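Pasting entry-v2.cif here (mmCIF, C-alpha atoms):
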data_protein
loop_
_atom_site.label_atom_id
_atom_site.label_comp_id
_atom_site.auth_asym_id
_atom_site.auth_seq_id
_atom_site.Cartn_x
_atom_site.Cartn_y
_atom_site.Cartn_z
CA MET A 1 13.57 -0.89 12.83
CA GLU A 2 13.38 2.67 14.13
CA ALA A 3 15.29 3.84 11.05
CA ARG A 4 12.90 2.00 8.74
CA ALA A 5 9.95 3.73 10.38
CA ALA A 6 11.66 7.10 9.98
CA ILE A 7 12.25 6.38 6.29
CA GLN A 8 8.60 5.41 5.88
CA HIS A 9 7.74 8.83 7.32
CA THR A 10 10.03 10.54 4.79
CA PHE A 11 8.24 8.61 2.03
CA ALA A 12 4.80 9.56 3.36
CA SER A 13 5.91 13.20 3.61
CA TYR A 14 7.05 13.07 -0.02
CA VAL A 15 3.63 11.81 -1.09
CA ARG A 16 1.81 14.47 0.92
CA CYS A 17 3.92 17.24 -0.58
CA ALA A 18 3.73 15.83 -4.12
CA ASP A 19 -0.03 15.31 -4.05
CA THR A 20 -0.86 18.69 -2.50
CA GLY A 21 1.54 20.63 -4.73
CA ARG A 22 3.95 21.79 -2.03
CA SER A 23 7.03 21.71 -4.20
CA ALA A 24 9.45 23.55 -1.91
CA ASP A 25 8.51 21.38 1.07
CA LEU A 26 9.08 18.32 -1.05
CA ALA A 27 12.48 19.60 -2.17
CA ALA A 28 13.39 20.06 1.51
CA LEU A 29 13.14 16.27 1.92
CA PHE A 30 16.22 16.01 -0.27
CA ALA A 31 19.79 16.69 0.76
CA GLU A 32 21.02 20.11 -0.39
CA ASP A 33 22.57 18.57 -3.49
CA GLY A 34 20.04 15.74 -3.78
CA VAL A 35 18.95 14.42 -7.16
CA LEU A 36 15.48 13.56 -8.45
CA ARG A 37 15.44 11.48 -11.63
CA THR A 38 12.21 10.75 -13.50
CA ASP A 39 11.21 9.67 -16.98
CA ALA A 40 10.20 13.26 -17.69
CA GLY A 41 13.57 14.71 -16.70
CA GLU A 42 15.87 15.17 -13.76
CA ALA A 43 16.84 17.88 -11.29
CA THR A 44 19.80 18.38 -8.96
CA GLY A 45 19.59 20.53 -5.84
CA ARG A 46 16.55 21.86 -4.04
CA ALA A 47 15.91 24.88 -6.26
CA ALA A 48 15.96 22.78 -9.41
CA ILE A 49 13.77 20.12 -7.80
CA THR A 50 11.23 22.76 -6.79
CA ALA A 51 11.14 24.17 -10.33
CA PHE A 52 10.79 20.69 -11.82
CA LEU A 53 7.83 19.91 -9.57
CA GLU A 54 6.13 23.20 -10.33
CA ASP A 55 6.32 22.31 -14.00
CA ALA A 56 4.79 18.89 -13.39
CA LYS A 57 2.04 20.57 -11.36
CA ARG A 58 1.16 22.88 -14.23
CA SER A 59 1.08 19.95 -16.66
CA LEU A 60 -1.23 18.01 -14.36
CA ALA A 61 -3.56 20.98 -13.79
CA ALA A 62 -3.87 21.46 -17.54
CA ASP A 63 -4.70 17.82 -18.24
CA PRO A 64 -7.93 17.62 -20.24
CA ARG A 65 -9.05 14.40 -18.62
CA GLY A 66 -9.55 16.06 -15.28
CA ALA A 67 -6.56 14.34 -13.81
CA GLY A 68 -5.67 17.46 -11.81
CA ARG A 69 -5.79 15.56 -8.54
CA ILE A 70 -3.29 12.77 -8.17
CA ARG A 71 -2.63 10.34 -5.34
CA HIS A 72 0.51 8.25 -5.06
CA HIS A 73 -0.28 4.96 -3.36
CA VAL A 74 3.12 3.76 -2.16
CA SER A 75 3.69 0.22 -0.89
CA SER A 76 6.12 -2.70 -0.53
CA VAL A 77 8.85 -0.49 0.91
CA TYR A 78 12.08 -2.48 1.16
CA VAL A 79 15.02 -0.87 2.96
CA THR A 80 18.59 -1.96 3.59
CA PHE A 81 21.43 -0.17 5.36
CA PRO A 82 24.94 -0.26 3.86
CA THR A 83 26.02 1.76 6.93
CA PRO A 84 23.94 2.96 9.92
CA ASP A 85 23.61 6.42 8.36
CA GLU A 86 22.92 5.39 4.76
CA ALA A 87 19.97 3.54 3.32
CA ARG A 88 18.94 2.02 0.02
CA ALA A 89 15.22 1.58 -0.64
CA THR A 90 12.94 0.18 -3.29
CA SER A 91 9.19 0.77 -3.27
CA TYR A 92 6.26 0.78 -5.65
CA PHE A 93 3.78 3.47 -6.54
CA LEU A 94 0.38 3.43 -8.16
CA ALA A 95 -0.61 6.96 -9.16
CA VAL A 96 -4.40 7.31 -9.11
CA THR A 97 -6.53 10.16 -10.46
CA ALA A 98 -10.30 10.62 -10.44
CA ALA A 99 -10.30 8.45 -13.59
CA GLY A 100 -8.51 5.55 -11.87
CA PRO A 101 -4.97 4.16 -11.96
CA ASP A 102 -3.02 6.54 -14.22
CA HIS A 103 0.52 5.22 -14.12
CA TRP A 104 2.61 2.98 -11.91
CA GLY A 105 6.19 2.08 -11.27
CA ARG A 106 9.03 1.97 -8.86
CA TYR A 107 11.09 4.27 -6.69
CA ARG A 108 14.75 3.47 -6.12
CA ASP A 109 16.29 5.62 -3.43
CA ARG A 110 19.48 6.44 -1.64
CA LEU A 111 18.97 8.20 1.64
CA ALA A 112 21.15 9.60 4.42
CA ARG A 113 20.45 10.21 8.08
CA VAL A 114 20.48 13.85 9.15
CA GLY A 115 19.86 13.87 12.91
CA ASP A 116 16.60 12.01 13.49
CA GLU A 117 15.47 12.39 9.90
CA TRP A 118 16.28 10.67 6.65
CA ARG A 119 16.73 12.70 3.48
CA PHE A 120 16.93 11.68 -0.14
CA ILE A 121 20.38 11.71 -1.69
CA GLU A 122 18.84 10.39 -4.89
CA ARG A 123 15.33 9.33 -5.83
CA VAL A 124 14.80 7.56 -9.15
CA ALA A 125 11.10 7.39 -10.09
CA ALA A 126 10.66 4.97 -12.99
CA VAL A 127 7.24 4.67 -14.64
CA GLU A 128 6.70 1.04 -15.71
CA GLY A 129 3.26 1.36 -17.24
CA HIS A 130 0.31 3.70 -17.70
CA ALA A 131 -3.37 3.52 -18.57
CA PRO A 132 -4.49 4.27 -22.13
CA GLY A 133 -5.16 8.00 -22.43
CA SER A 134 -3.65 8.73 -19.02
CA TRP A 135 -1.97 11.93 -17.98
CA ALA A 136 1.37 10.07 -17.88
CA GLU A 137 0.91 9.03 -21.50
CA THR A 138 0.21 12.58 -22.63
CA ARG A 139 3.15 13.91 -20.68
CA THR A 140 5.57 11.39 -22.17
CA ARG A 141 4.32 12.18 -25.65
CA THR A 142 4.87 15.89 -25.27
CA GLY A 143 8.23 15.41 -23.62
CA GLY A 144 7.03 17.51 -20.70
CA MET B 145 5.44 -2.90 17.63
CA GLU B 146 9.04 -3.91 16.99
CA ALA B 147 7.85 -7.37 15.97
CA ARG B 148 5.29 -5.89 13.58
CA ALA B 149 8.01 -3.83 11.91
CA ALA B 150 10.21 -6.93 11.58
CA ILE B 151 7.32 -8.82 9.96
CA GLN B 152 6.77 -5.93 7.56
CA HIS B 153 10.41 -6.30 6.58
CA THR B 154 9.93 -10.03 5.94
CA PHE B 155 6.96 -9.15 3.71
CA ALA B 156 8.93 -6.52 1.83
CA SER B 157 11.80 -8.99 1.38
CA TYR B 158 9.35 -11.53 -0.03
CA VAL B 159 8.13 -8.99 -2.59
CA ARG B 160 11.67 -8.02 -3.60
CA CYS B 161 12.66 -11.65 -4.11
CA ALA B 162 9.44 -12.56 -5.90
CA ASP B 163 9.53 -9.59 -8.26
CA THR B 164 13.22 -9.92 -9.12
CA GLY B 165 13.08 -13.69 -9.57
CA ARG B 166 15.35 -14.65 -6.69
CA SER B 167 13.57 -17.88 -5.88
CA ALA B 168 16.12 -19.39 -3.47
CA ASP B 169 16.35 -16.16 -1.47
CA LEU B 170 12.59 -16.11 -1.25
CA ALA B 171 12.48 -19.73 -0.09
CA ALA B 172 14.97 -18.78 2.66
CA LEU B 173 12.29 -16.51 4.16
CA PHE B 174 10.36 -19.67 5.01
CA ALA B 175 11.09 -22.04 7.87
CA GLU B 176 12.91 -25.20 6.72
CA ASP B 177 9.63 -27.06 6.44
CA GLY B 178 7.54 -24.01 5.58
CA VAL B 179 4.58 -24.23 3.22
CA LEU B 180 3.56 -21.96 0.36
CA ARG B 181 0.00 -22.47 -0.86
CA THR B 182 -1.32 -20.71 -3.97
CA ASP B 183 -4.17 -21.20 -6.41
CA ALA B 184 -1.64 -22.60 -8.90
CA GLY B 185 -0.33 -25.25 -6.52
CA GLU B 186 1.55 -25.65 -3.27
CA ALA B 187 5.03 -26.47 -2.08
CA THR B 188 6.49 -27.70 1.21
CA GLY B 189 10.10 -27.08 2.19
CA ARG B 190 12.60 -24.68 0.72
CA ALA B 191 13.70 -26.82 -2.22
CA ALA B 192 10.12 -27.36 -3.36
CA ILE B 193 9.29 -23.66 -2.88
CA THR B 194 12.29 -22.67 -4.99
CA ALA B 195 11.24 -25.06 -7.78
CA PHE B 196 7.66 -23.82 -7.63
CA LEU B 197 8.78 -20.21 -7.99
CA GLU B 198 11.12 -21.01 -10.87
CA ASP B 199 8.14 -22.52 -12.68
CA ALA B 200 6.04 -19.40 -12.07
CA LYS B 201 8.93 -17.28 -13.33
CA ARG B 202 9.08 -19.21 -16.61
CA SER B 203 5.32 -18.90 -17.06
CA LEU B 204 5.49 -15.15 -16.49
CA ALA B 205 8.44 -14.69 -18.84
CA ALA B 206 6.57 -16.56 -21.58
CA ASP B 207 3.41 -14.49 -21.23
CA PRO B 208 2.45 -13.05 -24.62
CA ARG B 209 1.04 -9.85 -23.16
CA GLY B 210 4.43 -8.66 -22.03
CA ALA B 211 3.62 -9.26 -18.44
CA GLY B 212 7.15 -10.45 -17.75
CA ARG B 213 7.69 -7.80 -15.12
CA ILE B 214 5.41 -8.02 -12.12
CA ARG B 215 5.18 -5.88 -9.00
CA HIS B 216 3.33 -6.95 -5.89
CA HIS B 217 1.88 -3.92 -4.14
CA VAL B 218 1.25 -5.16 -0.60
CA SER B 219 -0.81 -3.18 1.90
CA SER B 220 -3.18 -3.29 4.89
CA VAL B 221 -0.91 -5.62 6.84
CA TYR B 222 -2.74 -6.81 9.97
CA VAL B 223 -0.73 -8.83 12.50
CA THR B 224 -1.67 -10.53 15.76
CA PHE B 225 0.48 -12.58 18.15
CA PRO B 226 -0.95 -15.78 19.66
CA THR B 227 2.36 -16.03 21.57
CA PRO B 228 5.38 -13.67 21.56
CA ASP B 229 7.18 -15.93 19.06
CA GLU B 230 4.28 -16.70 16.74
CA ALA B 231 2.33 -14.38 14.49
CA ARG B 232 -0.74 -14.52 12.31
CA ALA B 233 -1.04 -11.96 9.50
CA THR B 234 -3.47 -10.94 6.81
CA SER B 235 -2.54 -8.56 4.02
CA TYR B 236 -3.60 -7.62 0.51
CA PHE B 237 -1.73 -7.64 -2.75
CA LEU B 238 -2.32 -5.99 -6.09
CA ALA B 239 -0.03 -7.53 -8.72
CA VAL B 240 0.74 -4.98 -11.41
CA THR B 241 2.40 -5.55 -14.79
CA ALA B 242 3.23 -3.05 -17.56
CA ALA B 243 -0.38 -3.53 -18.70
CA GLY B 244 -1.82 -2.52 -15.31
CA PRO B 245 -3.40 -4.41 -12.40
CA ASP B 246 -3.16 -8.09 -13.38
CA HIS B 247 -4.57 -9.93 -10.37
CA TRP B 248 -5.24 -9.23 -6.70
CA GLY B 249 -6.00 -11.02 -3.51
CA ARG B 250 -4.98 -11.80 -0.02
CA TYR B 251 -2.11 -13.33 1.90
CA ARG B 252 -2.84 -15.27 5.07
CA ASP B 253 0.30 -16.11 6.99
CA ARG B 254 1.62 -17.91 9.98
CA LEU B 255 5.10 -16.81 11.02
CA ALA B 256 7.59 -17.70 13.72
CA ARG B 257 10.38 -15.69 15.29
CA VAL B 258 13.88 -16.99 14.62
CA GLY B 259 16.24 -14.73 16.54
CA ASP B 260 15.56 -11.16 15.32
CA GLU B 261 13.81 -12.32 12.17
CA TRP B 262 10.39 -13.64 11.35
CA ARG B 263 10.00 -16.53 8.93
CA PHE B 264 6.96 -17.95 7.21
CA ILE B 265 5.61 -21.21 8.61
CA GLU B 266 2.82 -21.02 6.05
CA ARG B 267 1.85 -18.46 3.46
CA VAL B 268 -1.48 -18.84 1.68
CA ALA B 269 -1.75 -16.58 -1.38
CA ALA B 270 -5.35 -16.49 -2.59
CA VAL B 271 -6.17 -14.71 -5.84
CA GLU B 272 -9.58 -13.06 -5.54
CA GLY B 273 -9.85 -11.51 -8.97
CA HIS B 274 -7.93 -10.80 -12.16
CA ALA B 275 -8.14 -8.51 -15.16
CA PRO B 276 -9.59 -9.83 -18.44
CA GLY B 277 -6.77 -11.34 -20.49
CA SER B 278 -4.31 -11.10 -17.60
CA TRP B 279 -1.37 -13.39 -16.99
CA ALA B 280 -3.17 -14.79 -13.93
CA GLU B 281 -6.15 -15.71 -16.10
CA THR B 282 -3.99 -17.55 -18.61
CA ARG B 283 -2.11 -19.35 -15.89
CA THR B 284 -5.30 -20.56 -14.19
CA ARG B 285 -6.65 -21.80 -17.50
CA THR B 286 -3.59 -23.84 -18.29
CA GLY B 287 -3.39 -25.14 -14.75
CA GLY B 288 0.16 -23.90 -14.61
CA MET C 289 7.79 6.28 15.79
CA GLU C 290 6.17 3.86 18.26
CA ALA C 291 2.98 5.93 18.09
CA ARG C 292 3.00 5.84 14.28
CA ALA C 293 3.27 2.05 14.36
CA ALA C 294 0.37 1.86 16.81
CA ILE C 295 -1.74 4.07 14.53
CA GLN C 296 -0.88 1.83 11.56
CA HIS C 297 -2.22 -1.08 13.62
CA THR C 298 -5.46 0.82 14.28
CA PHE C 299 -5.76 1.40 10.52
CA ALA C 300 -5.10 -2.25 9.72
CA SER C 301 -7.66 -3.28 12.34
CA TYR C 302 -10.19 -0.97 10.72
CA VAL C 303 -9.62 -2.62 7.36
CA ARG C 304 -9.90 -6.12 8.80
CA CYS C 305 -13.20 -5.27 10.52
CA ALA C 306 -14.60 -3.41 7.52
CA ASP C 307 -13.73 -6.12 5.02
CA THR C 308 -14.98 -9.01 7.14
CA GLY C 309 -18.17 -7.26 8.18
CA ARG C 310 -17.44 -6.98 11.90
CA SER C 311 -19.27 -3.69 12.39
CA ALA C 312 -19.30 -3.58 16.19
CA ASP C 313 -15.57 -4.36 16.40
CA LEU C 314 -14.92 -1.59 13.92
CA ALA C 315 -17.03 0.86 15.93
CA ALA C 316 -14.94 -0.03 18.99
CA LEU C 317 -11.92 1.48 17.23
CA PHE C 318 -13.63 4.86 17.60
CA ALA C 319 -13.82 6.93 20.77
CA GLU C 320 -17.23 6.62 22.50
CA ASP C 321 -18.45 9.76 20.78
CA GLY C 322 -16.34 9.31 17.64
CA VAL C 323 -17.57 10.36 14.22
CA LEU C 324 -17.42 8.55 10.87
CA ARG C 325 -18.11 10.75 7.86
CA THR C 326 -18.47 9.28 4.37
CA ASP C 327 -19.99 10.35 1.07
CA ALA C 328 -22.90 8.02 1.78
CA GLY C 329 -23.70 9.58 5.16
CA GLU C 330 -22.26 10.04 8.62
CA ALA C 331 -22.63 8.54 12.08
CA THR C 332 -21.75 9.72 15.58
CA GLY C 333 -21.10 7.34 18.45
CA ARG C 334 -20.44 3.62 18.36
CA ALA C 335 -24.05 2.45 18.09
CA ALA C 336 -24.73 4.72 15.13
CA ILE C 337 -21.45 3.71 13.46
CA THR C 338 -22.33 0.03 13.86
CA ALA C 339 -25.77 0.60 12.30
CA PHE C 340 -24.26 2.60 9.45
CA LEU C 341 -21.79 -0.17 8.65
CA GLU C 342 -24.46 -2.86 8.78
CA ASP C 343 -26.39 -0.88 6.18
CA ALA C 344 -23.31 -0.62 3.93
CA LYS C 345 -22.78 -4.37 4.34
CA ARG C 346 -26.33 -5.13 3.16
CA SER C 347 -25.89 -2.83 0.16
CA LEU C 348 -22.62 -4.53 -0.77
CA ALA C 349 -24.06 -8.04 -0.38
CA ALA C 350 -26.97 -7.12 -2.66
CA ASP C 351 -24.75 -5.70 -5.39
CA PRO C 352 -25.54 -7.39 -8.71
CA ARG C 353 -21.97 -7.29 -9.95
CA GLY C 354 -20.80 -9.75 -7.35
CA ALA C 355 -18.95 -7.10 -5.46
CA GLY C 356 -19.91 -8.70 -2.16
CA ARG C 357 -16.29 -9.08 -1.15
CA ILE C 358 -14.34 -5.88 -0.79
CA ARG C 359 -10.72 -5.22 0.16
CA HIS C 360 -9.43 -1.83 1.23
CA HIS C 361 -5.80 -1.45 0.18
CA VAL C 362 -4.54 1.38 2.41
CA SER C 363 -1.22 3.10 1.81
CA SER C 364 0.80 6.32 2.08
CA VAL C 365 -0.12 6.83 5.72
CA TYR C 366 1.08 10.25 6.85
CA VAL C 367 0.80 11.09 10.56
CA THR C 368 1.57 14.21 12.58
CA PHE C 369 1.16 14.87 16.31
CA PRO C 370 -0.24 18.22 17.46
CA THR C 371 0.30 16.92 21.02
CA PRO C 372 1.77 13.59 22.21
CA ASP C 373 -1.74 12.19 22.75
CA GLU C 374 -3.40 13.50 19.59
CA ALA C 375 -2.71 12.64 15.97
CA ARG C 376 -3.76 13.82 12.56
CA ALA C 377 -3.45 11.38 9.66
CA THR C 378 -4.00 11.27 5.93
CA SER C 379 -3.95 8.04 3.95
CA TYR C 380 -5.21 6.62 0.68
CA PHE C 381 -7.45 3.67 -0.04
CA LEU C 382 -8.10 1.63 -3.14
CA ALA C 383 -11.20 -0.54 -2.63
CA VAL C 384 -10.94 -3.68 -4.73
CA THR C 385 -13.65 -6.26 -5.48
CA ALA C 386 -13.48 -9.45 -7.54
CA ALA C 387 -14.10 -7.21 -10.56
CA GLY C 388 -11.06 -4.99 -9.81
CA PRO C 389 -10.58 -1.50 -8.40
CA ASP C 390 -14.08 -0.31 -7.46
CA HIS C 391 -13.51 3.08 -5.87
CA TRP C 392 -10.65 5.02 -4.33
CA GLY C 393 -10.00 8.03 -2.21
CA ARG C 394 -8.62 9.41 0.97
CA TYR C 395 -9.03 9.06 4.71
CA ARG C 396 -8.51 12.11 6.90
CA ASP C 397 -8.39 11.25 10.57
CA ARG C 398 -8.13 12.68 14.02
CA LEU C 399 -7.07 10.16 16.63
CA ALA C 400 -6.43 10.15 20.36
CA ARG C 401 -4.26 7.93 22.50
CA VAL C 402 -6.12 5.75 25.00
CA GLY C 403 -3.47 3.87 26.98
CA ASP C 404 -1.35 2.00 24.43
CA GLU C 405 -3.95 2.27 21.68
CA TRP C 406 -5.05 4.95 19.31
CA ARG C 407 -8.74 5.48 18.63
CA PHE C 408 -10.53 7.50 15.99
CA ILE C 409 -12.05 10.78 17.14
CA GLU C 410 -13.11 11.44 13.57
CA ARG C 411 -12.56 9.57 10.33
CA VAL C 412 -13.53 11.26 7.06
CA ALA C 413 -13.61 8.80 4.14
CA ALA C 414 -13.83 10.73 0.87
CA VAL C 415 -14.32 8.83 -2.38
CA GLU C 416 -12.40 10.61 -5.15
CA GLY C 417 -13.26 8.32 -8.06
CA HIS C 418 -14.87 5.04 -8.98
CA ALA C 419 -14.89 2.57 -11.84
CA PRO C 420 -17.75 2.64 -14.37
CA GLY C 421 -20.52 0.37 -13.14
CA SER C 422 -18.88 -0.09 -9.74
CA TRP C 423 -20.66 -0.76 -6.47
CA ALA C 424 -19.68 2.72 -5.29
CA GLU C 425 -21.36 4.25 -8.34
CA THR C 426 -24.60 2.36 -7.72
CA ARG C 427 -24.59 3.27 -4.07
CA THR C 428 -24.12 6.98 -4.77
CA ARG C 429 -26.93 6.91 -7.31
CA THR C 430 -29.41 5.34 -4.92
CA GLY C 431 -28.39 7.61 -2.10
CA GLY C 432 -27.61 4.55 0.00
#
Using structure tokens, write down the structure that the file contains.
Amino acid sequence: MEARAAIQHTFASYVRCADTGRSADLAALFAEDGVLRTDAGEATGRAAITAFLEDAKRSLAADPRGAGRIRHHVSSVYVTFPTPDEARATSYFLAVTAAGPDHWGRYRDRLARVGDEWRFIERVAAVEGHAPGSWAETRTRTGG
Amino acid sequence: MEARAAIQHTFASYVRCADTGRSADLAALFAEDGVLRTDAGEATGRAAITAFLEDAKRSLAADPRGAGRIRHHVSSVYVTFPTPDEARATSYFLAVTAAGPDHWGRYRDRLARVGDEWRFIERVAAVEGHAPGSWAETRTRTGG
Amino acid sequence: MEARAAIQHTFASYVRCADTGRSADLAALFAEDGVLRTDAGEATGRAAITAFLEDAKRSLAADPRGAGRIRHHVSSVYVTFPTPDEARATSYFLAVTAAGPDHWGRYRDRLARVGDEWRFIERVAAVEGHAPGSWAETRTRTGG
């Protein structure tokens, strides 16, 4: 159960970094050669992940609907351990802007223990729906 | 706190099974004579719970609005222990489909410790609202 | 991690008290001279917090849209410890009524350990958006 709590902290740290625009800190939650896969593209390694997030940040800041501030409400975190130092997790997110729920979906993760911490080996963020006129909709349309 | 974490894992397992349609695995989270009560009906014992969930799965798959995929976002889990081996819990769910929040409400649970795990003695799932035209609305109307 | 779990329990207790209208029990989750700051006003000390919550309860009960019942879905709880007996936390809430998501935002907290429990020194509840015609919108408009 201790490991599950530590993984929850990694997830909460990810949200904090994502929602406050701290791209390099977020990338540091990944293993050196970790992979982030999203519907808008993917990135391998911390430098690429940082660059990918900076791009998403610019897109969000430029959104005409005032969606500049985003909050990822993450819940229903389900974790299993193939080995004591490896974890698989599934969780849900509801991304909320000032205008309300913007898009929602699922994270599927592989993590590894590094000392007392758990880092992402791979995070797959799959959007499963979005509000009409949302930032997510615009971003998908422009391929950005 | 260890027991609270174990109960959170039971809740997360319930969500995984419910949202991926693994009815028998979900029923196994209940005690042998456990009870699931919902607005659409109730079931006592694992075989009846499995059958009840299979029915809900068919209803969801047939939904014209494409609500076939559902995700239960569970949060605000509050747990108390009348005795070390019994728990009472209240939590909230927001059931989200591709179209957005579909219905929402509250779980009220009684659980019992079985070894290292916690199983449902009774889960009451009460819907407290639903979106216009949602799957939940249709299902209530047809009594199904 | 034990401390994080205890803080999660304080948060869940806050939600239970808030959503069932137990104002004095909620105030008891604060330190004697604790502070609750919200967009609708602030209160210092348990007696003032209790009175503030009773006022919010009356406003909610009188809401014409039937929003009398509210549920705070709290997620993405991020906690750090400046010292072993002090914590800083950020979390998100989505306040849901029978009509759906009503308002949403962020808690920013300072907590202190008192024996095995964690109490609020300061909770700042910032609404970051609300639905058109929501209870939160009405309340902001009337200054209440």
For chain C, list the residues within 12 Å of chain B, counting all atoms listed in the file, and write the list as an NGL selection string. :C and (289-308 or 354-365 or 379-389 or 404-405)
Mind dumping the selected residues with C-alpha atoms as a compact mmCIF listing (two decimals), in the frame of the given file?
# COMPACT_ATOMS: atom_id res chain seq x y z
CA MET C 289 7.79 6.28 15.79
CA GLU C 290 6.17 3.86 18.26
CA ALA C 291 2.98 5.93 18.09
CA ARG C 292 3.00 5.84 14.28
CA ALA C 293 3.27 2.05 14.36
CA ALA C 294 0.37 1.86 16.81
CA ILE C 295 -1.74 4.07 14.53
CA GLN C 296 -0.88 1.83 11.56
CA HIS C 297 -2.22 -1.08 13.62
CA THR C 298 -5.46 0.82 14.28
CA PHE C 299 -5.76 1.40 10.52
CA ALA C 300 -5.10 -2.25 9.72
CA SER C 301 -7.66 -3.28 12.34
CA TYR C 302 -10.19 -0.97 10.72
CA VAL C 303 -9.62 -2.62 7.36
CA ARG C 304 -9.90 -6.12 8.80
CA CYS C 305 -13.20 -5.27 10.52
CA ALA C 306 -14.60 -3.41 7.52
CA ASP C 307 -13.73 -6.12 5.02
CA THR C 308 -14.98 -9.01 7.14
CA GLY C 354 -20.80 -9.75 -7.35
CA ALA C 355 -18.95 -7.10 -5.46
CA GLY C 356 -19.91 -8.70 -2.16
CA ARG C 357 -16.29 -9.08 -1.15
CA ILE C 358 -14.34 -5.88 -0.79
CA ARG C 359 -10.72 -5.22 0.16
CA HIS C 360 -9.43 -1.83 1.23
CA HIS C 361 -5.80 -1.45 0.18
CA VAL C 362 -4.54 1.38 2.41
CA SER C 363 -1.22 3.10 1.81
CA SER C 364 0.80 6.32 2.08
CA VAL C 365 -0.12 6.83 5.72
CA SER C 379 -3.95 8.04 3.95
CA TYR C 380 -5.21 6.62 0.68
CA PHE C 381 -7.45 3.67 -0.04
CA LEU C 382 -8.10 1.63 -3.14
CA ALA C 383 -11.20 -0.54 -2.63
CA VAL C 384 -10.94 -3.68 -4.73
CA THR C 385 -13.65 -6.26 -5.48
CA ALA C 386 -13.48 -9.45 -7.54
CA ALA C 387 -14.10 -7.21 -10.56
CA GLY C 388 -11.06 -4.99 -9.81
CA PRO C 389 -10.58 -1.50 -8.40
CA ASP C 404 -1.35 2.00 24.43
CA GLU C 405 -3.95 2.27 21.68
Could you tell me which residues the PyMOL selection byres ((chain C and resi 318) around 7) grabs in this file, written as JSON, numbers by chain? {"C": [315, 316, 317, 319, 320, 322, 334, 407, 408, 409]}
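Between atom CA of Gly309 of chain C and atom CA of Glu374 of chain C there is a distance of 27.9 Å.
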Give as a PyMOL selection string every residue, naming chains and numbers as the document does, that has an atom within 10 Å of (18.1, 13.7, -9.2), counting all atoms listed in the file. chain A and resi 30+33-38+41-46+48-49+120-125
